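The block underneath contains the structure these notes are about, expressed in structure tokens.
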Amino acid sequence: MARFVLYVLALLLAACAQAEVNSPAFTLTQVGEGVYVHHGQHLDIDTGYQGDICNMSVVVGSKGVAVIDTGGSLKVGQQLRAAIRTITNKPILYVINTHVHPDHIYGNAAFVQDKPQFVGHAKLAAAMQLRKETYDKLNTQYLGADAQGTVQVLPTLVVKDVLELDLGDRTLKVVPYATAHTNTDITVMDSKTATLFTGDLLFIERTPVIEGDIKGLIAAIDMLKTYPAKQVVPGHGPETKDWIQALDNEQRYLNAVLTDVRAAIKKGDSMEKTMGTAAASEHDKWLLFDIANRRNVNTIFTALEWE
């Protein structure tokens with residue numbers, strides 16, 4: 001459970017500027033027809049985790065709205081909902097969580113009044129409940145008063161196989177994955193703009209996080225490369241039309257970590273030593289490398305010892 005806490009402590013991502021829709025202290029950026037993204041602030045936990053560090057997305061169809069990830073607290077979720085209402089008064093039909101991590105799920109409570117379907121991986125509810133105590137303590141510790149009212153809202157529509165959600169003039173194709181970044185990953189593809197929302201299967205600029213299975217994550221990236229996307233919104237970092245390159249960059253890092261950890265184990269190096277040496281070739285290519293890479297090695301080392 002300590003790895004989950006460390007994961008949140010290390011999150012950091014970039015923001016970008018395009019056409020913007022504003023709610024007080026909260027910005028949505030239009031990245032396509034009916035598609036908006038809020039980029040979490042470029043902050044490390046040492047500067048103060050405020051619950052607003054992941055990408056949150058909104059897709060507006062003729063029948064209503066889908067929200068993809070909701071932030072790390074009720075307060076952030078409320079800011080997201082208020083920003084949506086500056087764009088459209090159409091009903092919020094779906095709230096989709098791309099995976100279990102708290103920076104992506106704890107704004108759900110702000111949308112309960114809209115009575116949407118809360119959509120998540122078939123394993124998401126169990127994972128949320130398993131981690132509830134740890135995540136609640138973390139929110140209270142780091143958010144203080146801003147954690148008030150933040151509660152878990154479990155999925156009401158589970159994704160076991162490929163699922164299509166109807167927004168009217170567009171559909172969202174939701175795909176579940178075997179264990180990769182976590183054991184609860186899904187992606188969302190918008191049919192109208194060919195925008196692919198990857199959740200944390202893809203990090204741009206910031207060092208990717210490995211919690212689930214590094215080999216499963218590498219395989220998931222191979223699958224993502226086959227999709228007919230025109231642009232990609234990652235879980236953290238700017239959206240991109242050069243998305244194959246972004247996936248290649250992440251996969252290059254993951255393969256470097258995997259290769260170097262295997263080699264260290266074969267040589268008999270300790271985990272501690274390997275934390276300081278694995279994927280050294282990637283050091284200058286990613287933000288927060290020294291923190292995140294050590295944690296990634298810690299996550300995969302023991303499992304790889306038993307290959």
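The chains in the structure tokens are called A, B, ... from first to last as shown; in each chain the residues are counted from 1, and the ligands are counted from 1 in the order shown.
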
Please report, as CSV, each residue of segment 115-221 of chain A lying at most 10 Å from segment 65-74 of chain A, together with the nearest pair of atoms and the separation in Å rounded to one decimal; use only C-alpha atoms, and order rows by chain and ascending residue number.
```
residue,atom,partner,partner_atom,distance
A:Pro116,CA,A:Ala66,CA,8.9
A:Gln117,CA,A:Ala66,CA,9.5
A:Phe118,CA,A:Val67,CA,9.5
A:Val119,CA,A:Ile68,CA,9.3
A:Tyr135,CA,A:Gly72,CA,9.9
A:Asn139,CA,A:Ser73,CA,7.8
A:Leu143,CA,A:Ser73,CA,8.4
A:Asp146,CA,A:Ser73,CA,7.4
A:Ala147,CA,A:Ser73,CA,6.1
A:Gln148,CA,A:Leu74,CA,7.5
A:Gly149,CA,A:Leu74,CA,6.1
A:Thr150,CA,A:Leu74,CA,4.8
A:Val151,CA,A:Leu74,CA,7.6
A:Gln152,CA,A:Ser73,CA,9.7
A:Leu165,CA,A:Ala66,CA,9.0
A:Asp166,CA,A:Ala66,CA,9.6
A:Leu167,CA,A:Val65,CA,6.8
A:Gly168,CA,A:Val65,CA,9.6
A:Leu172,CA,A:Ala66,CA,8.7
A:Thr187,CA,A:Ile68,CA,9.7
A:Val188,CA,A:Ile68,CA,8.3
A:Phe197,CA,A:Ile68,CA,8.1
A:Gly199,CA,A:Asp69,CA,8.3
```

Using only C-alpha atoms, what does the table of segment 166-226 of chain A residues within 12 Å of segment 91-100 of chain A look like, with each row giving the shortest atom pair and its distance in Å to one decimal, sorted by chain and ascending number, as CSV?
```
residue,atom,partner,partner_atom,distance
A:Asp166,CA,A:Leu93,CA,9.2
A:Leu167,CA,A:Leu93,CA,7.9
A:Gly168,CA,A:Leu93,CA,10.9
A:Thr171,CA,A:Tyr94,CA,11.8
A:Leu172,CA,A:Tyr94,CA,10.3
A:Lys173,CA,A:Ile96,CA,11.5
A:Val174,CA,A:Ile96,CA,9.2
A:Val175,CA,A:Thr98,CA,9.9
A:Pro176,CA,A:Thr98,CA,9.2
A:Tyr177,CA,A:His99,CA,10.3
A:Ala178,CA,A:His99,CA,11.9
A:Thr179,CA,A:His99,CA,10.9
A:Ala180,CA,A:His99,CA,10.6
A:His181,CA,A:His99,CA,8.7
A:Thr182,CA,A:His99,CA,7.1
A:Asn183,CA,A:His99,CA,8.0
A:Thr184,CA,A:His99,CA,5.0
A:Asp185,CA,A:His99,CA,4.8
A:Ile186,CA,A:Thr98,CA,5.1
A:Thr187,CA,A:Thr98,CA,6.4
A:Val188,CA,A:Thr98,CA,8.2
A:Met189,CA,A:Thr98,CA,11.9
A:Leu196,CA,A:Thr98,CA,11.9
A:Phe197,CA,A:Thr98,CA,8.5
A:Thr198,CA,A:Thr98,CA,7.6
A:Gly199,CA,A:Thr98,CA,5.2
A:Asp200,CA,A:Thr98,CA,7.7
A:Leu201,CA,A:Thr98,CA,9.2
A:Leu202,CA,A:Thr98,CA,11.5
A:Glu211,CA,A:Val100,CA,11.2
A:Gly212,CA,A:His99,CA,11.4
```

The selected residues should be written to file as a PDB file, in the first residue's frame (atoms: C-alpha atoms).
```pdb
ATOM      1  CA  ASP A 166     -24.217   7.020 -27.128  1.00  0.00           C
ATOM      2  CA  LEU A 167     -23.961  10.803 -26.874  1.00  0.00           C
ATOM      3  CA  GLY A 168     -26.230  11.441 -29.851  1.00  0.00           C
ATOM      4  CA  THR A 171     -20.309   7.507 -29.654  1.00  0.00           C
ATOM      5  CA  LEU A 172     -17.567   6.767 -27.157  1.00  0.00           C
ATOM      6  CA  LYS A 173     -15.856   3.398 -27.460  1.00  0.00           C
ATOM      7  CA  VAL A 174     -14.653   2.226 -24.059  1.00  0.00           C
ATOM      8  CA  VAL A 175     -12.049  -0.547 -23.967  1.00  0.00           C
ATOM      9  CA  PRO A 176     -10.857  -2.422 -20.834  1.00  0.00           C
ATOM     10  CA  TYR A 177      -7.330  -3.773 -20.428  1.00  0.00           C
ATOM     11  CA  ALA A 178      -5.622  -6.568 -18.577  1.00  0.00           C
ATOM     12  CA  THR A 179      -3.246  -5.440 -15.830  1.00  0.00           C
ATOM     13  CA  ALA A 180      -1.002  -2.671 -17.180  1.00  0.00           C
ATOM     14  CA  HIS A 181      -0.606   0.706 -15.417  1.00  0.00           C
ATOM     15  CA  THR A 182      -3.076  -0.720 -12.878  1.00  0.00           C
ATOM     16  CA  ASN A 183      -5.546  -3.611 -12.968  1.00  0.00           C
ATOM     17  CA  THR A 184      -8.392  -1.166 -13.707  1.00  0.00           C
ATOM     18  CA  ASP A 185      -7.325   0.621 -16.916  1.00  0.00           C
ATOM     19  CA  ILE A 186      -9.729   1.646 -19.664  1.00  0.00           C
ATOM     20  CA  THR A 187      -9.424   3.917 -22.694  1.00  0.00           C
ATOM     21  CA  VAL A 188     -12.070   6.001 -24.443  1.00  0.00           C
ATOM     22  CA  MET A 189     -12.247   6.821 -28.180  1.00  0.00           C
ATOM     23  CA  LEU A 196      -8.288   8.818 -27.830  1.00  0.00           C
ATOM     24  CA  PHE A 197      -8.281   9.301 -24.053  1.00  0.00           C
ATOM     25  CA  THR A 198      -5.679   6.924 -22.631  1.00  0.00           C
ATOM     26  CA  GLY A 199      -5.793   7.588 -18.917  1.00  0.00           C
ATOM     27  CA  ASP A 200      -2.425   6.741 -17.379  1.00  0.00           C
ATOM     28  CA  LEU A 201      -1.549   4.172 -20.008  1.00  0.00           C
ATOM     29  CA  LEU A 202       0.251   7.167 -21.498  1.00  0.00           C
ATOM     30  CA  GLU A 211       2.119   0.075 -10.576  1.00  0.00           C
ATOM     31  CA  GLY A 212       0.556  -2.963 -12.209  1.00  0.00           C
TER      32      GLY A 212
END
```

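The coordinates place atom CA of Ala280 of chain A at 12.2 Å from atom CA of Arg252 of chain A.
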
From the list A:Lys75, A:Lys215, A:Arg131, A:Arg206, which residue is nearest Tyr106 of chain A when using only C-alpha atoms? A:Lys75

Surrounding residues of segment 261-272 of chain A excluding itself and chain neighbours under 6 positions, 7 Å, only C-alpha atoms, as a list in words: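 Residues meeting the cut-off are Ala278, Asn298, Phe301, Leu304 and Glu305 of chain A.
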
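You will find atom CA of Arg294 of chain A at 4.7 Å from atom CA of Met275 of chain A.
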